[in-house]
Every structure is written in C-alpha cells, then in structure tokens.
Amino acid sequence: MPGRVVRLADQASRGGPLAAIAIDIPIGLPDTGRRLADELARPAIGKRVTLVPGEAAVFTDGMDTNATHRPDDGPAADQREITHYHADYKDQHVDLYTDGTRWAPGDRVRGQNVVGPKPDRSSPSDASDLPPTGEQLLDTAGEEKPRSERFRRELYKRGGDLADSMKNNASLATEVFAPAPTGSHEGTPAGGEYLMPAPHYGMDAGSLATATFVTGVVLDRTIHWLRRHVHVRTEHFNASD
Amino acid sequence: MPVTDQQVATLRALLANDPERHDRLFAQLDRGAAMDGYTALVTGAFCEAVDRRFSEDAPAADVIDFVADVRSRSERLTREVDPVVAERVIRVVLSEGSLADLSPEVVVGAQIVLLTALIADEHLDDAGLDAFLAKARKLGDELMG
C-alpha cells in the first residue's frame with residue numbers, strides 16, 4: 001500500500017502543490033450513451049474525467065471511434081498518450097484503447113470488419129473505413145527507430161565525469177535490497193489466524209513512579225492515623241489518671 | 001575497446017549486493033576509457049533488465065508501480081529517486097519518449113539504481129547472474145560501437 005500511495009502522490013503532484021487528490025474510477029459501463037456524472041464533471045475538470053463508452057457500443061463494436069479532432073481537444077492524435085483499459089465486465093472481456101477522444105477495441109483483428117454504424121459498407125475484406133485498432137493507435141503515438149541506436153543516443157553516456165554520479169548512486173542502489181515494508185495488499189488474510197501480541201508483564205518507569213506515589217500516600221495516611229490514634233488514647237489515659 | 005572482465009566483475013559485485021567488493025573494484029577503474037566501458041555495460045545491463053521485466057507494450061501503470069515500489073523501499077530512495085526521471089528512463093527502453101533534456105549524470109544515476117532494483121527482484125543465482133551479465137556485456141559492446 002505505501003508504494004501505491006507514493007505512486008498516486010507522485011502522479012498527482014507533478015503539476016505543483018495540490019489541495020486535494022480526487023480519483024476517477026470507472027466502475028462499469030453505462031447501458032447507453034454516457035454517464036450523467038461524467039458529463040457534469042467534464043466541464044469542471046476537463047479530460048481528466050474518463051468518458052467510457054456505453055455497454056451496447058462496446059459489445060456490438062458500434063463505438064464512435066472516429067470522433068473528429070477539434071482544436072479544443074488538446075494535442076493532435078499522434079501526440080496524445082494512449083491508455084489501455086483491460087478488464088472483465090459482466091462475464092465478458094473488455095479490451096479498449098483510448099487516446100482521450102477516441103476509443104478502439106484492442107482485440108479486433110486487422111482486416112476484420114463488423115456490422116457497425118455503416119452496415120452497407122461492411123465486408124470482411126474491407127478495412128478501409130474501419131476505426132483504428134489499438135495497435136494502430138499505438139503506432140501513431142511515436143516514431144519507431146532502430147533500438148540499439150536509440151539506446152546509444154538516449155541512454156549511453158560517456159565520460160569520466162560520470163564516475164562520481166555512478167559511485168554515489170551505487171551507494172543508493174544498495175538500499176533496493178531492503179524489502180518493501182508491505183506488499184500490495186495489507187490486512188489480515190481471510191480465514192487466517194490472528195495472533196494477539198504476548199502480554200508484557202514487566203513494569204515501565206511510569207508505572208513504577210505511580211506505584212511509588214500511591215504507596216507513599218498510603219503510608220503517610222497510615223502513619224497519620226496511627227499517630228492520631230495513639231494521641232487520642234494517650235489523652236484518654238491521662239484523663240483517667 | 002570492448003567491455004572488460006574487470007568492469008563486469010565490478011557491476012556483478014553491485015548486483016550481487018556486495019557493496020564492499022564493488023567499491024574496491026570501482027576505485028580501480030580509471031576515469032577514462034575504462035569508465036566509458038563501464039557505463040556501456042551498465043546501460044546494456046539496464047536495457048536487458050528492463051526488457052526482461054516489461055513487455056514493449058506494457059501499460060504505463062506497470063512502470064509507475066515498479067518505480068513507486070523501488071522508492072518505497074527506504075526513506076533515502078523515496079527522497080533521492082525522482083519518479084518522473086525514473087519512469088522516463090525505463091520508458092525510453094520501451095521506445096517511448098526522449099531523455100534529451102536530462103543531464104548524463106542524472107540518466108546514468110537512475111540507470112544504476114533501477115538496474116539494481118530490477119535484478120534484486122529477479123533473485124538470480126550465480127549462474128543466472130552470470131548469464132544476465134553475458135547478455136549485458138554483449139549489448140554494452142554494441143553500444144560502444
């Protein structure tokens with residue numbers, strides 16, 4: 001759990017100090033259209049609200065995946081980050097990609113057509129009018145370059161000046177061998193035994209001071225009572241004499 | 001000049017959690033050509049380790065989770081590992097983004113920490129670590145061209 005908290009805080013605070021962190025969690029698909037809550041939240045906080053497609057659209061391949069890009073939609077399609085949603089919903093497999101404005105099924109085979117909004121133009125061999133697949137969306141997100149050349153340019157750094165950085169970070173790196181405080185799930189496993197901590201029978205300093213004080217008060221009262229009792233008896237004997 | 005046995009032994013000591021041996025061997029590397037070979041080996045090892053851990057189409061959340069997990073292992077790691085830099089360094093191996101705006105010291109430093117974490121998580125035995133380093137060495141040699 002600490003790792004997840006760190007992760008959330010890291011993500012949320014990248015834009016600067018925050019007063020609150022709100023988490024948008026799609027908990028299902030609306031039957032049709034979009035959820036009213038999403039529609040109302042969108043004008044307030046923008047594209048951070050996930051506008052999930054309707055259930056009918058997802059399971060019949062009728063999504064509006066070719067939404068027209070408008071100037072206020074933010075970055076152009078080839079500059080947007082692709083998000084992949086992967087889950088099971090109502091016993092059906094959901095595998096979707098979105099770039100924030102369009103949705104595409106991730107498991108559609110390229111070249112496979114379906115009867116969607118334009119059935120008159122659908123045929124198994126005609127993929128020209130199909131919305132992009134998830135892979136196609138991903139392909140447009142970045143330019144592919146030879147891998148080794150990319151590593152050399154981006155990651156391989158030369159020079160003796162790096163020695164100090166490497167030495168310092170090697171010292172830091174040894175701390176990764178320390179186990180994480182907790183795993184991804186905290187709590188007592190269901191059905192597992194809960195072991196009470198062993199009781200502590202010793203006496204700490206605070207308890208000792210309290211006991212000393214109480215004992216002193218009791219002794220003082222006892223001595224006071226005895227002295228008073230002896231004094232009364234002495235006076236009684238004197239009076240008798 | 002290709003990656004040398006001494007450079008491999010130095011990195012092996014670090015990845016095997018033998019910091020004293022690593023420090024001793026690292027001190028014997030000179031600051032010229034040997035350091036070039038060592039950084040090439042580290043980069044090769046890092047790319048190999050990222051490839052083993054993440055598929056090329058791994059969702060961003062996997063990388064974020066891993067970096068958060070590394071940072072949560074100690075207070076010093078939380079304080080000194082920049083999550084944005086760490087995630088970017090990993091994602092470059094997965095063919096996403098660029099590190100052109102980062103200094104070489106930052107990039108190499110992140111690689112060292114993340115590489116060590118990636119290998120620590122694999123719990124390799126001696127043979128596994130040797131096999132890993134052989135691949136890293138090969139890639140390091142390629143990087144040095």
# chains A, B, ... in the order shown; residues from 1 in each chain; ligands from 1
$ residues_around --residues "Ser74 in chain B" --least-positions-apart "4" --cutoff "8 Å" --atoms "only C-alpha atoms" --output "JSON, numbers by chain"
{"A": [175, 176, 178, 180], "B": [78]}
$ write_last_selection --atoms "N, CA and C atoms" --output "compact mmCIF listing (two decimals), in the first residue's frame"
# COMPACT_ATOMS: atom_id res chain seq x y z
N GLU A 175 20.36 0.13 -1.32
CA GLU A 175 19.17 0.15 -0.46
C GLU A 175 17.97 -0.53 -1.10
N VAL A 176 18.05 -0.83 -2.38
CA VAL A 176 16.91 -1.52 -3.01
C VAL A 176 16.79 -2.95 -2.52
N ALA A 178 16.73 -3.82 0.48
CA ALA A 178 15.86 -3.84 1.66
C ALA A 178 14.46 -4.17 1.20
N ALA A 180 10.48 -4.23 0.80
CA ALA A 180 9.45 -3.22 0.97
C ALA A 180 8.72 -3.45 2.28
N THR B 78 13.15 7.11 -1.43
CA THR B 78 11.99 7.98 -1.65
C THR B 78 12.44 9.41 -1.89
$ interface_residues --of "chain B" --to "chain A" --cutoff "6 Å" --atoms "only C-alpha atoms" --output "list in words"
Arg31, Gly32, Met35, Asp36, Thr43, Ala68, Asp69, Ser72, Arg73, Leu99, Pro104, Glu105, Gly109, Val113, Ala117 and Leu143 of chain B
$ residues_around --residues "Gly140 in chain B" --least-positions-apart "2" --cutoff "10 Å" --atoms "only C-alpha atoms" --output "ChimeraX atom specification"
/A:152,156 /B:2-3,36-47,133-138,142-145
$ closest_residue --among "B:Asn17, B:Gln28, B:Ser103, B:Ser95" --to "Leu124 in chain B" --atoms "only C-alpha atoms"
B:Asn17
$ residues_around --residues "Leu115 in chain B" --least-positions-apart "3" --cutoff "7 Å" --atoms "only C-alpha atoms" --output "short mmCIF file (atom, residue, chain, number, x, y, z; two decimals) with C-alpha atoms, in the first residue's frame"
data_model
loop_
_atom_site.label_atom_id
_atom_site.label_comp_id
_atom_site.auth_asym_id
_atom_site.auth_seq_id
_atom_site.Cartn_x
_atom_site.Cartn_y
_atom_site.Cartn_z
CA PHE B 46 19.78 -1.81 -17.76
CA ALA B 49 16.83 -5.91 -17.35
CA GLN B 111 20.06 3.52 -14.51
CA ILE B 112 22.29 2.30 -11.68
CA LEU B 118 15.32 -4.92 -11.35
CA ILE B 119 17.97 -7.57 -10.72
#
$ select_by_dssp --residues "chain B" --states "helix (DSSP H, G or I)" --output "PyMOL selection string"
chain B and resi 5-15+19-28+33-53+60-71+75-80+83-93+104-122+126-144
$ residues_around --residues "Ser98 in chain B" --least-positions-apart "4" --cutoff "9 Å" --atoms "only C-alpha atoms" --output "VMD selection string"
(chain A and resid 154) or (chain B and resid 88 to 89 91 to 92)
